[in-house]
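Participant: Contents of final28.txt (compact mmCIF, C-alpha atoms):
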```txt
# COMPACT_ATOMS: atom_id res chain seq x y z
CA MET G 1 19.20 10.04 -7.52
CA SER G 2 20.39 12.51 -4.96
CA VAL G 3 18.91 11.75 -1.54
CA PRO G 4 19.66 14.74 0.68
CA ASP G 5 16.62 16.94 1.03
CA ALA G 6 15.04 15.07 -1.87
CA ARG G 7 11.56 15.64 -3.25
CA LEU G 8 10.68 12.23 -4.55
CA PRO G 9 8.65 12.11 -7.77
CA ARG G 10 7.71 8.69 -6.98
CA VAL G 11 1.64 4.79 3.25
CA ASN G 12 -21.60 17.73 12.85
CA VAL G 13 -24.57 17.35 14.64
CA PHE G 14 -27.04 20.18 14.19
CA ARG G 15 -29.84 21.02 16.48
CA ASP G 16 -33.23 20.67 14.83
CA SER G 17 -34.76 24.16 14.59
CA ARG G 18 -38.23 22.98 13.67
CA PRO G 19 -40.91 23.61 16.32
CA ALA G 20 -41.83 20.62 18.38
CA PRO G 21 -45.25 19.15 17.56
CA ALA G 22 -48.06 19.82 19.92
CA ALA G 23 -48.75 17.10 22.44
CA PRO G 24 -51.73 14.94 21.50
CA SER G 25 -54.92 15.54 23.43
CA ALA G 26 -56.26 12.94 25.80
CA GLU G 27 -59.23 12.28 23.54
CA SER G 28 -57.29 11.71 20.34
CA PRO G 29 -55.63 8.33 19.99
CA THR G 30 -51.90 8.33 19.81
CA ALA G 31 -50.59 7.13 16.48
CA ALA G 32 -48.26 4.19 16.62
CA PRO G 33 -44.74 5.24 15.71
CA SER G 34 -43.60 4.09 12.30
CA PRO G 35 -40.85 1.48 12.35
CA PRO G 36 -37.41 2.84 11.62
CA PRO G 37 -36.04 2.10 8.17
CA GLU G 38 -34.10 -1.13 7.98
CA ALA G 39 -30.42 -0.43 8.31
CA ALA G 40 -27.81 -2.03 6.18
CA PRO G 41 -26.36 -5.16 7.78
CA ARG G 42 -23.19 -4.59 9.71
CA VAL G 43 -20.44 -7.16 10.01
CA GLY G 44 -18.44 -7.11 13.21
CA ARG G 45 -15.26 -8.65 14.52
CA ALA G 46 -16.98 -12.03 14.88
CA ARG G 47 -17.51 -12.30 11.11
CA LEU G 48 -13.88 -11.40 10.45
CA ALA G 49 -12.83 -14.10 12.92
CA GLU G 50 -14.98 -16.58 10.98
CA LEU G 51 -13.15 -15.61 7.79
CA ARG G 52 -9.80 -16.40 9.43
CA GLY G 53 -10.98 -19.67 10.95
CA PRO G 54 -11.45 -20.85 14.55
CA GLY G 55 -8.45 -20.26 16.76
CA VAL G 56 -6.48 -18.32 14.12
CA HIS G 57 -4.97 -15.10 15.43
CA PRO G 58 -5.11 -12.07 13.12
CA ARG G 59 -1.94 -11.20 11.28
CA PRO G 60 -0.91 -7.60 12.07
CA LEU G 61 -0.52 -5.03 9.32
CA ASP G 62 2.75 -3.17 8.97
CA ALA G 63 3.54 0.08 7.21
CA ARG G 64 4.98 -1.73 4.19
CA ALA G 65 1.68 -3.58 3.65
CA LEU G 66 -0.35 -0.39 4.22
CA ALA G 67 1.71 1.48 1.63
CA ALA G 68 1.11 -1.33 -0.88
CA LEU G 69 -2.59 -1.37 -0.04
CA ALA G 70 -2.83 2.39 -0.55
CA ALA G 71 -1.17 1.99 -3.95
CA ASN G 72 -4.05 -0.25 -5.12
CA PRO G 73 -7.22 0.89 -3.29
CA GLY G 74 -9.55 -0.76 -5.80
CA CYS G 75 -8.51 -4.30 -4.80
CA HIS G 76 -11.28 -5.53 -2.49
CA ARG G 77 -9.52 -8.87 -2.12
CA ARG G 78 -6.43 -7.41 -0.48
CA ALA G 79 -8.46 -4.95 1.60
CA LEU G 80 -10.56 -7.78 3.06
CA LEU G 81 -7.69 -10.20 3.65
CA ASP G 82 -5.48 -7.55 5.25
CA GLY G 83 -8.35 -6.10 7.26
CA ALA G 84 -9.32 -9.52 8.59
CA GLY G 85 -5.69 -10.34 9.41
CA ILE G 86 -5.40 -13.35 7.10
CA ASP G 87 -1.96 -14.70 6.25
CA LYS G 88 -1.85 -14.17 2.48
CA GLY G 89 1.47 -15.99 2.14
CA ALA G 90 0.09 -19.19 3.66
CA LEU G 91 -3.07 -18.79 1.59
CA ALA G 92 -1.02 -18.48 -1.62
CA ARG G 93 0.94 -21.62 -0.78
CA ALA G 94 -2.28 -23.54 -0.15
CA LEU G 95 -3.61 -22.35 -3.52
CA GLY G 96 -0.50 -23.65 -5.25
CA SER G 97 0.80 -20.20 -6.22
CA PRO G 98 3.52 -19.33 -3.70
CA ALA G 99 5.22 -15.99 -4.16
CA ALA G 100 8.88 -15.23 -3.60
CA TYR G 101 7.96 -12.10 -1.68
CA GLY G 102 9.56 -10.60 1.40
CA GLN G 103 13.00 -9.90 2.81
CA SER G 104 15.70 -12.52 3.08
CA GLN G 105 16.97 -13.61 6.48
CA PHE G 106 20.37 -12.17 5.62
CA ALA G 107 18.84 -8.75 4.93
CA LEU G 108 16.86 -8.88 8.19
CA VAL G 109 19.93 -9.76 10.26
CA ARG G 110 22.02 -7.07 8.58
CA GLY G 111 19.26 -4.48 9.07
CA ASN G 112 18.82 -5.34 12.76
CA ALA G 113 22.57 -5.13 13.36
CA PHE G 114 22.80 -1.73 11.66
CA GLU G 115 19.79 -0.39 13.59
CA ALA G 116 21.33 -1.52 16.87
CA ARG G 117 24.53 0.34 15.96
CA VAL G 118 22.61 3.53 15.16
CA LYS G 119 20.70 3.42 18.48
CA ALA G 120 23.67 2.44 20.66
CA ASP G 121 24.62 4.53 23.72
CA GLY G 122 21.09 5.81 24.20
CA GLY G 123 20.76 6.98 20.61
CA THR G 124 23.63 9.47 20.78
CA GLU G 125 24.61 8.99 17.13
CA LEU G 126 20.99 9.11 16.00
CA LEU G 127 20.33 12.37 17.84
CA ARG G 128 23.48 13.82 16.32
CA LEU G 129 22.21 13.03 12.84
CA VAL G 130 18.77 14.47 13.65
CA HIS G 131 20.31 17.70 14.93
CA GLU G 132 22.74 17.96 12.02
CA ARG G 133 20.13 17.43 9.27
CA LEU G 134 16.96 18.92 10.75
CA ALA G 135 17.97 21.41 13.43
CA PRO G 136 21.19 23.15 12.35
CA GLY G 137 22.05 26.35 14.18
CA THR G 138 20.46 25.22 17.46
CA PRO G 139 22.29 23.91 20.54
CA ALA G 140 23.13 20.24 20.16
CA PRO G 141 21.42 18.03 22.76
CA ALA G 142 23.61 16.47 25.41
CA PRO G 143 23.05 12.74 26.05
CA GLU G 144 21.72 13.39 29.56
CA GLU G 145 19.22 15.94 28.19
CA VAL G 146 17.44 13.44 25.93
CA ALA G 147 14.51 11.55 27.44
CA THR G 148 14.03 7.91 26.41
CA PRO G 149 10.66 6.86 27.87
CA ASP G 150 9.75 3.23 28.42
CA LEU G 151 7.03 2.21 25.95
CA SER G 152 6.40 -1.33 27.14
CA ALA G 153 2.75 -2.30 27.66
CA ALA G 154 0.43 -5.25 27.14
CA GLY G 155 -0.72 -5.75 23.55
CA PRO G 156 -0.56 -3.36 20.59
CA ALA G 157 -3.47 -1.27 21.86
CA GLY G 158 -1.75 -0.82 25.22
CA ARG G 159 1.54 0.09 23.56
CA ALA G 160 -0.24 2.62 21.32
CA ALA G 161 -1.82 4.25 24.38
CA ARG G 162 1.53 4.28 26.18
CA THR G 163 3.18 5.87 23.12
CA ALA G 164 0.54 8.61 22.97
CA LEU G 165 1.08 9.37 26.67
CA ALA G 166 4.87 9.47 26.26
CA LEU G 167 4.60 11.82 23.26
CA ARG G 168 2.29 14.14 25.20
CA ASP G 169 4.59 14.23 28.27
CA ALA G 170 7.71 14.81 26.14
CA THR G 171 5.99 17.64 24.27
CA ALA G 172 4.86 19.28 27.49
CA ALA G 173 8.41 19.10 28.89
CA GLY G 174 9.77 21.09 25.92
CA ALA G 175 12.95 19.04 25.63
CA TRP G 176 14.48 16.43 23.34
CA ALA G 177 13.03 12.93 23.52
CA LEU G 178 13.73 9.73 21.60
CA LEU G 179 11.01 7.08 21.33
CA ASP G 180 12.42 3.72 20.27
CA HIS G 181 9.92 1.62 18.25
CA PRO G 182 6.72 3.39 19.31
CA MET G 183 3.37 1.83 18.44
CA LEU G 184 0.85 3.87 16.45
CA ALA G 185 -2.73 3.12 15.45
CA VAL G 186 -4.24 3.96 12.06
CA GLU G 187 -7.70 3.14 10.71
CA VAL G 188 -7.73 1.28 7.40
CA ALA G 189 -11.08 0.59 5.72
CA GLY G 190 -12.85 0.77 9.06
CA SER G 191 -10.44 -1.67 10.70
CA PRO G 192 -7.71 -0.60 13.15
CA ALA G 193 -4.11 -1.35 12.22
CA TYR G 194 -0.97 -0.86 14.27
CA VAL G 195 2.32 0.30 12.78
CA GLU G 196 5.74 0.60 14.40
CA PRO G 197 8.30 3.13 13.11
CA ASP G 198 11.96 2.70 13.90
CA ALA G 199 11.99 5.85 16.01
CA VAL G 200 10.23 9.15 16.62
CA VAL G 201 12.14 12.21 17.87
CA VAL G 202 10.43 15.00 19.82
CA HIS G 203 12.05 18.43 19.32
CA PRO G 204 12.06 21.17 21.99
CA ASP G 205 9.81 23.33 19.79
CA GLY G 206 7.04 20.71 19.96
CA SER G 207 7.55 19.18 16.51
CA TRP G 208 7.95 15.45 15.87
CA THR G 209 10.19 13.72 13.34
CA VAL G 210 9.86 10.18 12.01
CA VAL G 211 13.15 8.29 11.68
CA GLU G 212 13.44 5.46 9.15
CA ILE G 213 16.53 3.25 9.37
CA LYS G 214 17.42 1.20 6.28
CA SER G 215 20.36 -1.09 5.51
CA PHE G 216 20.85 -0.16 1.84
CA PRO G 217 23.91 2.06 1.31
CA MET G 218 24.04 5.77 0.63
CA ILE G 219 27.03 6.28 -1.68
CA ASP G 220 28.35 9.84 -2.11
CA GLY G 221 25.10 11.21 -0.69
CA SER G 222 22.91 9.23 -3.11
CA ALA G 223 20.95 5.99 -2.83
CA ASP G 224 18.86 3.75 -5.04
CA ALA G 225 15.81 5.76 -6.14
CA ALA G 226 13.39 2.82 -5.94
CA LYS G 227 14.47 1.94 -2.41
CA VAL G 228 14.31 5.56 -1.27
CA GLY G 229 10.81 5.85 -2.76
CA ALA G 230 9.64 2.74 -0.93
CA ALA G 231 11.08 4.08 2.33
CA ALA G 232 9.33 7.42 1.76
CA ARG G 233 5.96 5.72 1.20
CA GLN G 234 6.46 3.67 4.34
CA ALA G 235 7.42 6.76 6.37
CA ALA G 236 4.33 8.57 5.06
CA VAL G 237 2.17 5.94 6.78
CA TYR G 238 3.90 6.73 10.08
CA VAL G 239 3.38 10.46 9.62
CA LEU G 240 -0.29 9.86 8.87
CA ALA G 241 -0.67 7.76 12.03
CA LEU G 242 1.06 10.44 14.15
CA GLU G 243 -1.20 13.30 13.06
CA PRO G 244 -4.24 12.49 15.29
CA VAL G 245 -1.88 11.87 18.23
CA ALA G 246 -0.32 15.29 17.63
CA ARG G 247 -3.73 16.98 17.61
CA HIS G 248 -4.64 15.31 20.90
CA ALA G 249 -1.29 16.23 22.48
CA GLY G 250 -1.66 19.84 21.35
CA ALA G 251 -5.14 20.07 22.86
CA ARG G 252 -3.95 18.64 26.18
CA THR G 253 -0.68 20.58 26.50
CA GLY G 254 -1.74 23.89 24.95
CA ARG G 255 1.33 23.87 22.69
CA THR G 256 1.54 23.96 18.92
CA VAL G 257 2.35 20.38 17.97
CA HIS G 258 2.92 19.24 14.40
CA VAL G 259 4.46 16.25 12.68
CA ARG G 260 7.23 17.25 10.29
CA ASP G 261 6.75 16.29 6.65
CA ARG G 262 10.52 15.80 6.27
CA VAL G 263 11.58 12.44 7.69
CA LEU G 264 15.12 11.37 8.49
CA LEU G 265 16.41 8.46 6.43
CA VAL G 266 19.43 6.79 8.05
CA CYS G 267 21.57 4.45 5.92
CA PRO G 268 25.12 3.05 5.92
CA LYS G 269 27.67 5.47 4.50
CA ASP G 270 29.32 4.32 1.28
CA PHE G 271 30.58 0.74 1.75
CA SER G 272 31.04 0.91 5.52
CA ASN G 273 28.74 0.25 8.46
CA LEU G 274 28.92 3.86 9.66
CA PRO G 275 25.54 5.66 9.68
CA THR G 276 24.74 8.70 7.62
CA ALA G 277 21.41 10.46 7.12
CA ALA G 278 19.39 12.58 4.74
CA ALA G 279 16.15 14.54 5.09
CA VAL G 280 13.46 13.30 2.69
CA ASP G 281 10.37 15.33 1.86
CA VAL G 282 7.30 13.02 2.00
CA ARG G 283 4.53 15.54 1.33
CA LYS G 284 3.63 13.96 -2.00
CA GLN G 285 3.62 10.45 -0.57
CA LEU G 286 1.60 11.63 2.43
CA ALA G 287 -1.10 13.21 0.27
CA THR G 288 -1.29 10.13 -1.95
CA THR G 289 -1.50 7.72 0.99
CA ARG G 290 -4.19 9.78 2.73
CA ARG G 291 -6.29 9.97 -0.43
CA GLN G 292 -5.92 6.30 -1.32
CA LEU G 293 -6.70 5.03 2.18
CA ALA G 294 -9.83 7.18 2.25
CA ARG G 295 -10.97 5.53 -1.00
CA LEU G 296 -10.81 2.02 0.45
CA THR G 297 -14.17 0.33 0.87
CA ARG G 298 -14.86 -0.63 4.46
CA VAL G 299 -13.96 -4.20 5.33
CA GLU G 300 -17.41 -4.77 6.82
CA GLU G 301 -19.11 -3.84 3.56
CA ILE G 302 -16.91 -6.22 1.56
CA ALA G 303 -17.51 -9.05 4.02
CA ALA G 304 -21.27 -8.44 4.04
CA ALA G 305 -21.43 -9.00 0.28
CA LEU G 306 -19.85 -12.47 0.53
CA PRO G 307 -21.85 -15.71 0.67
CA ALA G 308 -22.76 -16.67 4.21
CA ARG G 309 -20.43 -19.68 4.47
CA THR G 310 -17.37 -18.08 2.90
CA THR G 311 -14.22 -18.63 4.94
CA PHE G 312 -10.48 -18.60 4.30
CA ASP G 313 -9.71 -21.16 7.01
CA LEU G 314 -6.77 -23.34 5.91
CA ARG G 315 -7.59 -26.06 8.48
CA LEU G 316 -3.97 -26.42 9.46
CA ALA G 317 -2.68 -29.80 10.59
CA ASP G 318 -1.17 -30.49 14.00
CA ASP G 319 2.16 -29.05 12.87
CA GLY G 320 0.51 -25.64 12.38
CA LYS G 321 1.89 -25.26 8.85
CA THR G 322 0.29 -27.85 6.54
CA ALA G 323 -3.07 -26.84 5.06
CA THR G 324 -5.62 -29.67 4.86
CA ARG G 325 -8.45 -27.79 3.19
CA PRO G 326 -8.96 -28.68 -0.51
CA PRO G 327 -7.49 -26.04 -2.86
CA GLU G 328 -10.76 -25.99 -4.84
CA GLU G 329 -12.67 -24.70 -1.81
CA LEU G 330 -10.04 -22.06 -1.12
CA THR G 331 -10.06 -20.97 -4.76
CA GLU G 332 -13.84 -20.57 -4.64
CA ALA G 333 -13.58 -18.46 -1.49
CA VAL G 334 -10.82 -16.27 -2.92
CA GLU G 335 -12.62 -15.75 -6.24
CA ALA G 336 -15.73 -14.61 -4.34
CA VAL G 337 -13.88 -11.34 -3.59
CA GLY G 338 -13.11 -9.01 -6.47
CA ALA G 339 -9.47 -8.21 -7.22
CA ALA G 340 -7.73 -5.44 -9.15
CA TYR G 341 -4.60 -7.09 -10.45
CA ALA G 342 -1.71 -5.16 -12.00
CA PRO G 343 1.86 -6.26 -12.76
CA GLU G 344 3.02 -3.96 -9.93
CA CYS G 345 1.34 -6.35 -7.47
CA LEU G 346 4.09 -8.92 -8.07
CA ALA G 347 6.45 -6.87 -5.89
CA ALA G 348 3.93 -6.04 -3.17
CA CYS G 349 1.40 -8.86 -2.61
CA GLU G 350 1.72 -12.53 -1.74
CA LEU G 351 -1.35 -13.44 -3.82
CA ALA G 352 -0.08 -11.71 -6.96
CA PHE G 353 0.90 -14.91 -8.79
CA HIS G 354 -2.55 -16.42 -8.22
CA CYS G 355 -4.26 -13.24 -9.44
CA ARG G 356 -1.96 -13.06 -12.48
CA THR G 357 -2.82 -16.64 -13.45
CA ARG G 358 -6.54 -15.92 -13.21
CA ALA G 359 -6.18 -12.69 -15.19
CA ARG G 360 -4.31 -14.50 -17.97
CA GLN G 361 -6.88 -17.30 -18.05
CA ASP G 362 -9.69 -14.76 -18.39
CA GLY G 363 -7.78 -12.76 -20.99
CA ALA G 364 -8.12 -9.61 -18.89
CA VAL G 365 -6.29 -6.53 -20.13
CA GLU G 366 -5.28 -5.74 -16.54
CA ALA G 367 -2.48 -8.30 -16.99
CA LEU G 368 -0.84 -5.86 -19.45
CA GLY G 369 -0.52 -3.05 -16.90
CA ARG G 370 -2.52 -0.10 -15.59
CA GLY G 371 -1.30 2.19 -18.37
CA VAL G 372 -2.51 -0.16 -21.11
CA ARG G 373 -5.77 -0.74 -19.24
CA GLY G 374 -6.42 3.00 -19.12
CA GLU G 375 -5.71 3.48 -22.81
CA LEU G 376 -8.13 0.72 -23.89
CA GLY G 377 -11.23 2.35 -22.42
CA GLY G 378 -14.20 -0.01 -22.38
CA LEU G 379 -12.33 -2.99 -23.86
CA ARG G 380 -12.01 -5.50 -21.01
CA THR G 381 -10.44 -8.59 -22.59
CA ILE G 382 -7.60 -9.22 -25.03
CA GLY G 383 -10.10 -10.90 -27.39
CA GLU G 384 -12.14 -7.69 -27.53
CA VAL G 385 -8.95 -5.73 -28.24
CA LEU G 386 -7.98 -8.00 -31.15
CA THR G 387 -11.51 -7.83 -32.56
CA ALA G 388 -11.56 -4.04 -32.31
CA ALA G 389 -8.17 -3.85 -34.07
CA ARG G 390 -9.51 -5.56 -37.23
CA PRO G 391 -10.95 -3.21 -39.84
CA ASP G 392 -14.03 -5.36 -40.38
CA GLY G 393 -14.55 -6.04 -36.67
CA ALA G 394 -14.48 -9.84 -37.28
CA ASP G 395 -13.34 -12.35 -34.74
CA PRO G 396 -9.59 -12.95 -35.28
CA ALA G 397 -10.09 -16.62 -34.39
CA ASP G 398 -12.16 -17.12 -37.59
CA PRO G 399 -9.73 -17.47 -40.54
CA GLY G 400 -12.50 -17.25 -43.13
CA GLU G 401 -13.32 -13.60 -42.53
CA GLY G 402 -11.39 -10.40 -43.03
CA GLU G 403 -9.00 -9.31 -45.70
CA GLY G 404 -5.39 -10.25 -46.21
CA PRO G 405 -2.44 -7.92 -45.98
CA GLY G 406 -2.74 -6.84 -49.62
CA GLU G 407 -6.50 -6.37 -49.80
CA GLU G 408 -8.14 -2.99 -49.58
CA ALA G 409 -9.59 -2.10 -46.18
CA PRO G 410 -13.30 -1.30 -46.04
CA ALA G 411 -14.55 2.21 -45.49
CA GLU G 412 -14.11 3.45 -41.94
CA GLU G 413 -16.98 4.39 -39.67
CA ASP G 414 -18.02 7.89 -38.87
CA PRO G 415 -15.27 9.31 -36.62
CA ALA G 416 -17.91 11.05 -34.51
CA GLU G 417 -19.51 7.68 -33.63
CA GLU G 418 -16.61 5.22 -33.41
CA ASP G 419 -14.77 4.36 -30.22
CA PRO G 420 -11.48 6.31 -29.93
CA ALA G 421 -9.69 3.25 -28.54
CA GLY G 422 -10.96 1.08 -31.39
CA ALA G 423 -9.97 3.70 -33.97
CA ALA G 424 -6.45 3.88 -32.53
CA LEU G 425 -6.15 0.10 -32.56
CA ARG G 426 -7.28 -0.16 -36.18
CA ARG G 427 -4.89 2.58 -37.21
CA ALA G 428 -1.99 0.81 -35.45
CA ALA G 429 -2.94 -2.52 -37.06
CA ALA G 430 -3.06 -0.92 -40.52
CA LEU G 431 0.37 0.67 -40.06
CA ARG G 432 1.80 -2.64 -38.88
CA ALA G 433 0.33 -4.51 -41.86
CA GLU G 434 1.68 -1.86 -44.24
CA ALA G 435 5.13 -2.04 -42.70
CA LEU G 436 5.20 -5.83 -42.95
CA ALA G 437 3.94 -5.85 -46.54
CA CYS G 438 6.48 -3.29 -47.76
CA ALA G 439 9.47 -4.56 -45.85
CA ALA G 440 12.29 -5.54 -48.21
CA VAL G 441 14.20 -8.69 -47.41
CA PRO G 442 17.96 -8.05 -47.79
CA ALA G 443 19.83 -10.31 -50.20
CA PRO G 444 22.21 -12.83 -48.71
CA ARG G 445 25.83 -11.75 -48.45
CA THR G 446 27.81 -14.17 -50.62
CA LYS G 447 30.89 -12.13 -51.57
CA GLU G 448 32.03 -11.15 -48.08
CA PRO G 449 34.79 -13.25 -46.53
CA GLY G 450 33.94 -15.24 -43.49
CA CYS G 451 35.38 -14.79 -40.01
CA HIS G 452 38.86 -16.19 -39.39
```
For this file, produce the structure as structure tokens.
Facilitator:
Amino acid sequence: MSVPDARLPRVNVFRDSRPAPAAPSAESPTAAPSPPPEAAPRVGRARLAELRGPGVHPRPLDARALAALAANPGCHRRALLDGAGIDKGALARALGSPAAYGQSQFALVRGNAFEARVKADGGTELLRLVHERLAPGTPAPAPEEVATPDLSAAGPAGRAARTALALRDATAAGAWALLDHPMLAVEVAGSPAYVEPDAVVVHPDGSWTVVEIKSFPMIDGSADAAKVGAAARQAAVYVLALEPVARHAGARTGRTVHVRDRVLLVCPKDFSNLPTAAAVDVRKQLATTRRQLARLTRVEEIAAALPARTTFDLRLADDGKTATRPPEELTEAVEAVGAAYAPECLAACELAFHCRTRARQDGAVEALGRGVRGELGGLRTIGEVLTAARPDGADPADPGEGEGPGEEAPAEEDPAEEDPAGAALRRAAALRAEALACAAVPAPRTKEPGCH
């Protein structure tokens, strides 16, 4: 797949106009006001802390996890666990279903070394790539003309506020600025999450560009399509988090501020450690991420539907790693939250192996993939699918019912009344039986010489 300039296919109040009622006379008794309707129960941060367990700090969300969450918005289990900051990897190990998910230490070290090379000398090489790919025909920025504000602050909320202030000041100055690892806030299912892009560049015209630095190679201007798509979805989360900051900066500075929908992807060139870059259009990923995150049910609503004593506390031992809580209790707590498993979860969620085991035990068609699940309509289990595929609708586990391969199939139902999925299954089963019954077995080859 060609990377440069790629378009990837694959993160009011109204005034009441009614006249005011006349004041009651002194003689007439004043009616007691009716009690307000009972509001739905709200679950706050304290309840989410109870779900994690006493003394357990919330695990922060990153853009990679947000992109995976947006790809499966119907999974209440992941939305709750991520929103409450629960370590899904430790939870999966305690359940006995650990997942080989995440980056290797070698890949992390190599990626950190390459990022340090790209940002060396005050980001001179990075600014050169930004100017070459996204601002050709304009004067190249000199190293002393690029502002590199300090973004250090206490806590993620403080760093996010410091990043917003630095972006506003750089935009008002009308010059180049490079923000190294800024902190951005984004709301996910009613819960704040903080994401940290590799870099954000402020252009003199007031536009902002997200920079994503990856360690996979770009050979002859092309890179692995799956890796580029994952990087684009991750960058889309950063663009989404920058949009409200851009609106605030534009209102305060009086300038037109916008976040560019073309991000800069920086990778090693060919088989060397020299950086090269390509502009990637993330408009499709941005629209998908925005729509999917808006569909997520609020974390408070999911937590309010749980039993009162539900908790995911692992009761870690003194070493801080060994879980002492019985796996049966953890399984009961996890199963209390609905999941939407799909085979794609195996590459994006630490609990995927546990969910796959449960889906196979229940015979759920979700284990076959989202495409198969959509084609089967109202059929929810594999047993229902096999029953619907039989012409007589009998249970396939009962050997005494139904006809054999050579028997005549009974008359079909009225096409206007039968289920389209069931009709397609029966048709496929009939074609398969016909193909197996008419298949000719080739005669053994006795006259051909053997191999010497």
Participant: If I take atom CA of G:Pro141 and atom CA of G:Val263, how far is one from the other in Å, to one decimal?
Facilitator: 18.8 Å
Participant: Choose the residue, out of G:Gln105, G:Asn273, G:Thr288, G:Ser191, that has the smallest atom-to-atom separation from G:Met218; count all atoms listed in the file.
Facilitator: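 Distance minimum relative to G:Met218 lands on G:Asn273.
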Participant: Could you list, as a PyMOL selection string, every residue within 9 Å of G:Pro307, counting all atoms listed in the file and ignoring same-chain residues fewer than 3 positions away?
Facilitator: chain G and resi 303-304+310+333+336
Participant: I'd like the interatomic distance between atom CA of G:Phe114 and atom CA of G:Ser215, to a tenth of an Å.
Facilitator: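 Atom-to-atom, atom CA of G:Phe114 to atom CA of G:Ser215, that is 6.6 Å.
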Participant: Rounded to one decimal place, report the atom CA of G:Ser207-atom CA of G:Asp180 distance in Å.
Facilitator: 16.6 Å
